[in-house]
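Below is the file my_file-v9.cif, which contains mmCIF, C-alpha atoms and all ligand atoms.
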```cif
data_entry
loop_
_atom_site.label_atom_id
_atom_site.label_comp_id
_atom_site.auth_asym_id
_atom_site.auth_seq_id
_atom_site.Cartn_x
_atom_site.Cartn_y
_atom_site.Cartn_z
CA MET A 1 222.57 58.33 22.18
CA LYS A 2 220.68 57.78 25.40
CA VAL A 3 221.87 55.99 28.47
CA GLY A 4 219.36 54.47 30.88
CA ILE A 5 220.74 55.45 34.23
CA GLN A 6 218.20 53.70 36.42
CA SER A 7 219.52 50.24 35.74
CA LEU A 8 223.14 51.33 35.60
CA LYS A 9 225.41 49.99 38.28
CA GLY A 10 227.45 52.44 40.32
CA GLY A 11 230.97 53.32 39.25
CA LEU A 12 232.39 53.36 35.74
CA ASN A 13 230.39 52.06 32.80
CA ALA A 14 231.63 52.12 29.22
CA PHE A 15 229.50 52.71 26.13
CA THR A 16 230.21 52.94 22.44
CA PHE A 17 227.91 54.67 19.97
CA ASP A 18 227.85 54.81 16.21
CA VAL A 19 225.88 57.99 15.97
CA ASP A 20 223.38 58.55 13.19
CA VAL A 21 224.82 61.74 11.72
CA ALA A 22 221.30 62.97 10.88
CA ASP A 23 220.61 63.16 14.62
CA ILE A 24 223.32 65.73 15.08
CA GLU A 25 221.51 68.13 12.74
CA PHE A 26 224.60 69.71 11.41
CA ASP A 27 223.80 72.18 8.68
CA ASP A 28 227.12 73.73 7.90
CA GLU A 29 227.71 74.07 4.17
CA ASN A 30 231.44 73.86 4.54
CA PHE A 31 231.59 70.26 5.52
CA GLU A 32 229.63 67.07 5.69
CA LEU A 33 229.64 64.67 8.60
CA VAL A 34 230.32 61.20 7.30
CA GLN A 35 230.67 59.16 10.44
CA VAL A 36 230.64 59.89 14.15
CA ASN A 37 231.76 57.44 16.76
CA VAL A 38 231.52 58.16 20.47
CA ARG A 39 233.07 56.28 23.35
CA SER A 40 231.62 57.32 26.68
CA LYS A 41 232.57 56.56 30.22
CA VAL A 42 229.63 56.99 32.54
CA ASP A 43 230.59 57.37 36.17
CA LYS A 44 227.52 56.93 38.31
CA ASN A 45 227.48 57.85 41.95
CA GLU A 46 224.67 58.31 44.40
CA GLN A 47 224.20 62.01 43.68
CA SER A 48 225.75 62.50 40.31
CA VAL A 49 226.52 61.07 36.91
CA VAL A 50 229.66 62.22 35.12
CA VAL A 51 229.94 61.36 31.45
CA THR A 52 233.23 61.72 29.61
CA SER A 53 232.89 61.18 25.87
CA ASP A 54 235.64 60.78 23.29
CA VAL A 55 234.40 61.72 19.85
CA THR A 56 235.96 60.59 16.59
CA SER A 57 234.36 62.10 13.50
CA ILE A 58 235.06 61.64 9.85
CA ILE A 59 234.13 64.70 7.86
CA LYS A 60 234.21 65.59 4.22
CA LEU A 61 235.28 69.10 3.44
CA THR A 62 236.81 71.30 0.81
CA CYS A 63 240.43 72.32 0.90
CA ASP A 64 240.76 76.09 1.21
CA ALA A 65 243.87 76.06 -0.92
CA CYS A 66 243.20 73.69 -3.83
CA LEU A 67 239.38 73.46 -3.58
CA GLU A 68 239.42 69.66 -3.80
CA SER A 69 237.16 67.77 -1.43
CA PHE A 70 238.82 65.44 1.01
CA SER A 71 238.07 63.52 4.18
CA GLY A 72 239.55 64.24 7.55
CA THR A 73 239.32 62.79 11.03
CA LEU A 74 238.55 64.94 14.04
CA GLU A 75 238.99 63.98 17.65
CA ASP A 76 237.66 65.73 20.69
CA SER A 77 236.22 64.93 24.07
CA TYR A 78 233.63 66.54 26.24
CA VAL A 79 232.22 66.09 29.71
CA LEU A 80 228.62 66.30 30.85
CA LEU A 81 227.72 66.54 34.51
CA TYR A 82 224.41 65.48 35.95
CA ALA A 83 223.51 65.85 39.60
CA SER A 84 220.47 65.66 41.80
CA ASP A 85 221.99 68.27 44.08
CA LYS A 86 223.84 71.18 42.50
CA ASP A 87 225.63 71.91 45.74
CA ALA A 88 227.42 68.61 45.49
CA MET A 89 229.38 69.85 42.47
CA GLU A 90 231.97 72.55 41.99
CA PRO A 91 230.26 75.92 41.61
CA ASP A 92 231.88 76.57 38.23
CA ASP A 93 230.69 73.36 36.65
CA GLU A 94 227.80 73.39 34.28
CA VAL A 95 225.50 70.89 35.89
CA ARG A 96 222.31 69.42 34.49
CA LEU A 97 219.78 68.53 37.13
CA ILE A 98 218.46 65.01 37.45
CA SER A 99 216.21 63.49 40.04
CA SER A 100 216.03 60.03 41.50
CA GLY A 101 213.32 59.36 38.94
CA THR A 102 215.33 60.36 35.88
CA GLN A 103 215.32 57.40 33.50
CA PHE A 104 217.60 58.48 30.70
CA ILE A 105 220.29 61.01 30.00
CA ASP A 106 220.88 62.08 26.42
CA LEU A 107 224.53 62.30 25.47
CA THR A 108 223.76 63.93 22.13
CA GLU A 109 223.78 67.15 24.09
CA GLY A 110 227.18 68.72 23.70
CA LEU A 111 228.14 66.52 20.77
CA ARG A 112 227.49 69.10 18.08
CA GLU A 113 229.46 71.68 20.02
CA SER A 114 232.30 69.26 20.54
CA ILE A 115 232.56 68.62 16.81
CA LEU A 116 232.42 72.33 16.08
CA VAL A 117 235.27 73.23 18.38
CA SER A 118 237.44 70.46 16.98
CA LEU A 119 237.15 71.82 13.45
CA PRO A 120 240.31 73.42 12.15
CA ILE A 121 240.09 77.11 11.35
CA ARG A 122 241.61 76.52 7.95
CA PHE A 123 240.80 73.39 6.00
CA LYS A 124 243.78 72.00 4.17
CA CYS A 125 243.87 68.64 2.40
CA SER A 126 247.46 68.17 3.51
CA ASP A 127 250.24 70.17 5.07
CA ASN A 128 251.98 70.09 1.73
CA CYS A 129 249.05 71.24 -0.37
CA LYS A 130 250.38 73.52 -3.07
CA GLY A 131 247.00 75.10 -3.77
CA LEU A 132 245.98 76.64 -7.04
CA CYS A 133 248.14 78.65 -9.35
CA ASP A 134 247.19 82.26 -8.73
CA GLN A 135 247.54 83.00 -12.41
CA CYS A 136 245.97 80.14 -14.37
CA GLY A 137 244.07 78.45 -11.53
CA CYS A 138 245.37 74.95 -12.14
CA ASN A 139 245.74 72.59 -9.19
CA LEU A 140 249.44 72.56 -8.47
CA ASN A 141 249.20 69.27 -6.60
CA THR A 142 248.22 67.38 -9.70
CA SER A 143 249.43 69.47 -12.58
CA GLN A 144 252.20 71.82 -13.51
CA CYS A 145 251.81 75.02 -15.38
CA SER A 146 254.34 77.33 -16.95
CA CYS A 147 253.20 80.44 -15.05
CA GLY A 148 255.17 80.12 -11.91
CA LYS A 149 258.78 79.44 -11.47
CA GLU A 150 258.27 81.48 -8.32
CA SER A 151 257.57 80.24 -4.86
CA THR A 152 253.91 79.59 -4.04
CA ASP A 153 254.52 79.97 -0.35
CA PRO A 154 251.50 81.94 0.92
CA ARG A 155 253.76 84.02 3.12
CA TRP A 156 255.17 85.53 -0.06
CA ASP A 157 251.66 86.44 -1.13
CA GLN A 158 251.20 88.41 2.07
CA LEU A 159 254.50 90.19 1.57
CA LYS A 160 253.59 90.86 -1.99
CA GLY A 161 250.35 92.44 -0.84
CA LEU A 162 252.16 94.58 1.69
CA LEU A 163 254.71 95.83 -0.76
CA GLY A 164 252.15 96.33 -3.49
CA GLN A 165 254.52 94.98 -6.08
CA ASP A 166 255.62 91.70 -7.58
CA ARG A 167 257.75 89.50 -5.44
CA PRO A 168 261.25 89.04 -6.70
CA SER A 169 261.68 86.00 -8.88
CA SER A 170 264.25 83.53 -7.78
ZN ZN Y 201 244.52 71.17 -0.99
ZN ZN Y 202 249.54 78.58 -13.72
#
```
Using the file provided, produce a representation of the structure as structure tokens.
Amino acid sequence: MKVGIQSLKGGLNAFTFDVDVADIEFDDENFELVQVNVRSKVDKNEQSVVVTSDVTSIIKLTCDACLESFSGTLEDSYVLLYASDKDAMEPDDEVRLISSGTQFIDLTEGLRESILVSLPIRFKCSDNCKGLCDQCGCNLNTSQCSCGKESTDPRWDQLKGLLGQDRPSS
């Protein structure tokens, strides 16, 4: 995911990348990157290059509630700043230095982090996932068991834990 900046004309330039997921070197056991697509706008000026990238990733992961694997789409964007003169940029910005001789900038930088921050804290196959029966372990999305006439709302489980007793049956 490199952009040759020498030949780039000034102003906004658009790029699209189908990233080879192996290049991202993601080694998280909890999910698998299936496809990563990046659309970048490269704004080249005399002293700086500002790259805004929109990332769309398809990942395969395991639902925390029902333990089935499913695919999800993540979207995030990140900005990389390159400048030949740090003073030209805002002091708070994280600026990578380039010189007039810099041939390429590598946009892979920041991509892994961008995907990481867009991951949900809890993985759920759907908002309506019913999870597993806490008694027989069957997947309540696809099968019914005779254990529970009770609510499987996880908030009840928390209450149940707090009270240290069975929740009231409805
Ligand atoms: Zn699920
Ligand atoms: Zn059950």
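Taking all atoms listed in the file, the non-local environment of A:Asn30 within 12 Å (same-chain residues fewer than 3 positions away omitted) comprises A:Phe26, A:Asp27, A:Leu33, A:Ile59, A:Lys60, A:Leu61, A:Thr62, A:Cys63, A:Asp64, A:Leu67, A:Ser69, A:Phe70, A:Leu116, A:Leu119, A:Pro120, A:Ile121, A:Arg122, A:Phe123.
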Around ligand ZN 201 (chain Y), out to 7 Å and counting all atoms listed in the file, which residues are there? I want them as a PDB file with C-alpha atoms, in the coordinates of the input.
```pdb
ATOM      1  CA  CYS A  63     240.430  72.320   0.900  1.00  0.00           C
ATOM      2  CA  ASP A  64     240.760  76.090   1.210  1.00  0.00           C
ATOM      3  CA  ALA A  65     243.870  76.060  -0.920  1.00  0.00           C
ATOM      4  CA  CYS A  66     243.200  73.690  -3.830  1.00  0.00           C
ATOM      5  CA  LEU A  67     239.380  73.460  -3.580  1.00  0.00           C
ATOM      6  CA  GLU A  68     239.420  69.660  -3.800  1.00  0.00           C
ATOM      7  CA  LYS A 124     243.780  72.000   4.170  1.00  0.00           C
ATOM      8  CA  CYS A 125     243.870  68.640   2.400  1.00  0.00           C
ATOM      9  CA  SER A 126     247.460  68.170   3.510  1.00  0.00           C
ATOM     10  CA  CYS A 129     249.050  71.240  -0.370  1.00  0.00           C
ATOM     11  CA  LYS A 130     250.380  73.520  -3.070  1.00  0.00           C
ATOM     12  CA  GLY A 131     247.000  75.100  -3.770  1.00  0.00           C
TER      13      GLY A 131
END
```
Residues contacting ligand ZN 202 (chain Y) - anything with an atom at most 10 Å away, using only C-alpha atoms and all ligand atoms - can you give me those as a PDB file with C-alpha atoms, in the frame of the given file?
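Contents of selection.pdb, freshly written:
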```pdb
ATOM      1  CA  LEU A 132     245.980  76.640  -7.040  1.00  0.00           C
ATOM      2  CA  CYS A 133     248.140  78.650  -9.350  1.00  0.00           C
ATOM      3  CA  ASP A 134     247.190  82.260  -8.730  1.00  0.00           C
ATOM      4  CA  GLN A 135     247.540  83.000 -12.410  1.00  0.00           C
ATOM      5  CA  CYS A 136     245.970  80.140 -14.370  1.00  0.00           C
ATOM      6  CA  GLY A 137     244.070  78.450 -11.530  1.00  0.00           C
ATOM      7  CA  CYS A 138     245.370  74.950 -12.140  1.00  0.00           C
ATOM      8  CA  ASN A 139     245.740  72.590  -9.190  1.00  0.00           C
ATOM      9  CA  LEU A 140     249.440  72.560  -8.470  1.00  0.00           C
ATOM     10  CA  SER A 143     249.430  69.470 -12.580  1.00  0.00           C
ATOM     11  CA  GLN A 144     252.200  71.820 -13.510  1.00  0.00           C
ATOM     12  CA  CYS A 145     251.810  75.020 -15.380  1.00  0.00           C
ATOM     13  CA  SER A 146     254.340  77.330 -16.950  1.00  0.00           C
ATOM     14  CA  CYS A 147     253.200  80.440 -15.050  1.00  0.00           C
ATOM     15  CA  GLY A 148     255.170  80.120 -11.910  1.00  0.00           C
ATOM     16  CA  LYS A 149     258.780  79.440 -11.470  1.00  0.00           C
TER      17      LYS A 149
END
```
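Take atom CA of A:Gln35 and atom CA of A:Thr52: the distance between them is 19.5 Å.
Atom CA of A:Val36 lies 27.4 Å from atom CA of A:Gly10.
Interatomic distance, atom CA of A:Glu113 against atom CA of A:Asp127: 25.6 Å.
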